[in-house]
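Structure, as structure tokens:
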Amino acid sequence: PSDIDQMVAVRGMVTRSTSVLPDLKAAFFKCLVCGHSPEMQMVDRHRINEPTVCPRPQCAAKFAMTMVHNRCAFGNRQQVKMQETPDAMPEGETPHTVNMCVFDSLVDVAKPGDRVEVTGIYRAVPIRVAPNRRTLKAV
């Protein structure tokens with residue numbers, strides 16, 4: 001818990017990696033009433049700041065903004081699962097596993113079976129027990 005939101009370095013072995021996934025960097029919105037499109041909204045930690053009111057004073061329609069996917073800016077993202085190396089842990093213990101997201105130039109760099117040292121910011125993200133339930137697993 002003391003390492004959350006801190007820069008850490010972790011050594012281990014890559015056990016699994018997903019295929020390349022699109023990662024939304026900037027969202028493009030357009031008003032359905034007047035057709036006005038404000039400048040692109042930057043996405044922070046996968047949270048989109050969706051406008052609720054048209055920013056054009058002549059229109060000011062509420063809940064008329066829609067995202068135009070073809071005009072949004074996307075990057076590359078990959079989820080990688082890394083496990084503690086067998087030689088670094090005591091006998092009889094199960095290895096710890098860490099899930100990571102790698103972005104843009106780091107996508108497809110490490111393959112399963114590679115021994116790596118990863119330096120980055122450790123963020124704790126709660127995981128849903130089931131997609132249709134609100135219950136979350138502890139960090």
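Residue numbering restarts at 1 for every chain of the structure tokens, chains are lettered A, B, ... in their displayed order, and ligands are numbered from 1 as they appear.
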
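The residue set within 12 Å of Gln58 in chain A, counting only C-alpha atoms and dropping same-chain residues fewer than 4 places from it, reads Val33, Cys34, Gly35, His36, Val53 and Cys54 of chain A.
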
Could you name the residues that touch range 14-28 of chain A at 6 Å or less, counting only C-alpha atoms, but leaving out those on the same chain fewer than 3 positions away, as a ChimeraX atom specification? /A:40-43,67-68,71-82,112-114

If we count only C-alpha atoms and set the cut-off at 9 Å, which residues sit around Val8 in chain A, ignoring sequence neighbours fewer than 6 positions away in its own chain? Please answer as a VMD selection string. chain A and resid 118 to 122

Go ahead and write the selection's residues with all heavy atoms as a PDB file, in the first residue's frame.
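Once written, result.pdb looks like this:
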ATOM      1  N   VAL A 118      10.648  -3.919 -15.123  1.00  0.00           N
ATOM      2  CA  VAL A 118       9.712  -2.867 -15.505  1.00  0.00           C
ATOM      3  C   VAL A 118       9.790  -1.736 -14.493  1.00  0.00           C
ATOM      4  O   VAL A 118       9.731  -1.970 -13.288  1.00  0.00           O
ATOM      5  CB  VAL A 118       8.267  -3.420 -15.571  1.00  0.00           C
ATOM      6  CG1 VAL A 118       7.293  -2.325 -15.928  1.00  0.00           C
ATOM      7  CG2 VAL A 118       8.177  -4.559 -16.553  1.00  0.00           C
ATOM      8  N   THR A 119       9.939  -0.518 -14.994  1.00  0.00           N
ATOM      9  CA  THR A 119       9.923   0.666 -14.144  1.00  0.00           C
ATOM     10  C   THR A 119       8.712   1.494 -14.540  1.00  0.00           C
ATOM     11  O   THR A 119       8.505   1.783 -15.721  1.00  0.00           O
ATOM     12  CB  THR A 119      11.204   1.494 -14.338  1.00  0.00           C
ATOM     13  OG1 THR A 119      12.323   0.655 -14.068  1.00  0.00           O
ATOM     14  CG2 THR A 119      11.226   2.686 -13.406  1.00  0.00           C
ATOM     15  N   GLY A 120       7.887   1.852 -13.556  1.00  0.00           N
ATOM     16  CA  GLY A 120       6.690   2.632 -13.845  1.00  0.00           C
ATOM     17  C   GLY A 120       5.993   3.038 -12.567  1.00  0.00           C
ATOM     18  O   GLY A 120       6.479   2.796 -11.467  1.00  0.00           O
ATOM     19  N   ILE A 121       4.834   3.646 -12.717  1.00  0.00           N
ATOM     20  CA  ILE A 121       4.039   4.098 -11.580  1.00  0.00           C
ATOM     21  C   ILE A 121       3.046   2.988 -11.236  1.00  0.00           C
ATOM     22  O   ILE A 121       2.288   2.538 -12.090  1.00  0.00           O
ATOM     23  CB  ILE A 121       3.316   5.413 -11.892  1.00  0.00           C
ATOM     24  CG1 ILE A 121       4.346   6.490 -12.170  1.00  0.00           C
ATOM     25  CG2 ILE A 121       2.404   5.808 -10.747  1.00  0.00           C
ATOM     26  CD1 ILE A 121       3.774   7.791 -12.636  1.00  0.00           C
ATOM     27  N   TYR A 122       3.073   2.564  -9.990  1.00  0.00           N
ATOM     28  CA  TYR A 122       2.201   1.488  -9.520  1.00  0.00           C
ATOM     29  C   TYR A 122       0.848   2.080  -9.154  1.00  0.00           C
ATOM     30  O   TYR A 122       0.728   2.857  -8.224  1.00  0.00           O
ATOM     31  CB  TYR A 122       2.834   0.791  -8.310  1.00  0.00           C
ATOM     32  CG  TYR A 122       1.994  -0.327  -7.751  1.00  0.00           C
ATOM     33  CD1 TYR A 122       1.783  -1.483  -8.480  1.00  0.00           C
ATOM     34  CD2 TYR A 122       1.406  -0.226  -6.497  1.00  0.00           C
ATOM     35  CE1 TYR A 122       1.011  -2.508  -7.978  1.00  0.00           C
ATOM     36  CE2 TYR A 122       0.635  -1.254  -5.986  1.00  0.00           C
ATOM     37  CZ  TYR A 122       0.447  -2.388  -6.736  1.00  0.00           C
ATOM     38  OH  TYR A 122      -0.323  -3.404  -6.240  1.00  0.00           O
TER      39      TYR A 122
END

Residue contacts of Ala124 in chain A (8 Å, only C-alpha atoms) excluding same-chain residues fewer than 2 positions away, as a PDB file with N, CA, C and O atoms, in the first residue's frame:
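Produced file out_31.pdb, reproduced below:
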ATOM      1  N   ILE A   4       1.673   2.610  -3.712  1.00  0.00           N
ATOM      2  CA  ILE A   4       0.620   3.021  -4.637  1.00  0.00           C
ATOM      3  C   ILE A   4       0.865   4.456  -5.077  1.00  0.00           C
ATOM      4  O   ILE A   4       1.148   5.336  -4.274  1.00  0.00           O
ATOM      5  N   ASP A   5       0.759   4.697  -6.398  1.00  0.00           N
ATOM      6  CA  ASP A   5       1.020   5.984  -7.049  1.00  0.00           C
ATOM      7  C   ASP A   5       2.456   6.449  -6.874  1.00  0.00           C
ATOM      8  O   ASP A   5       2.730   7.647  -6.880  1.00  0.00           O
ATOM      9  N   TYR A 122       3.073   2.564  -9.990  1.00  0.00           N
ATOM     10  CA  TYR A 122       2.201   1.488  -9.520  1.00  0.00           C
ATOM     11  C   TYR A 122       0.848   2.080  -9.154  1.00  0.00           C
ATOM     12  O   TYR A 122       0.728   2.857  -8.224  1.00  0.00           O
ATOM     13  N   PRO A 126      -9.276  -1.305  -8.659  1.00  0.00           N
ATOM     14  CA  PRO A 126     -10.153  -2.374  -8.183  1.00  0.00           C
ATOM     15  C   PRO A 126     -10.687  -3.211  -9.352  1.00  0.00           C
ATOM     16  O   PRO A 126     -10.886  -2.698 -10.448  1.00  0.00           O
ATOM     17  N   VAL A 139      -7.672  -4.391  -3.040  1.00  0.00           N
ATOM     18  CA  VAL A 139      -6.383  -4.190  -3.713  1.00  0.00           C
ATOM     19  C   VAL A 139      -5.391  -5.213  -3.202  1.00  0.00           C
ATOM     20  O   VAL A 139      -5.269  -5.489  -2.062  1.00  0.00           O
TER      21      VAL A 139
END

Pick from A:Val109, A:Ala60, A:Asp44, A:Asn99: nearest to Ile127 in chain A, with only C-alpha atoms counted? A:Asn99
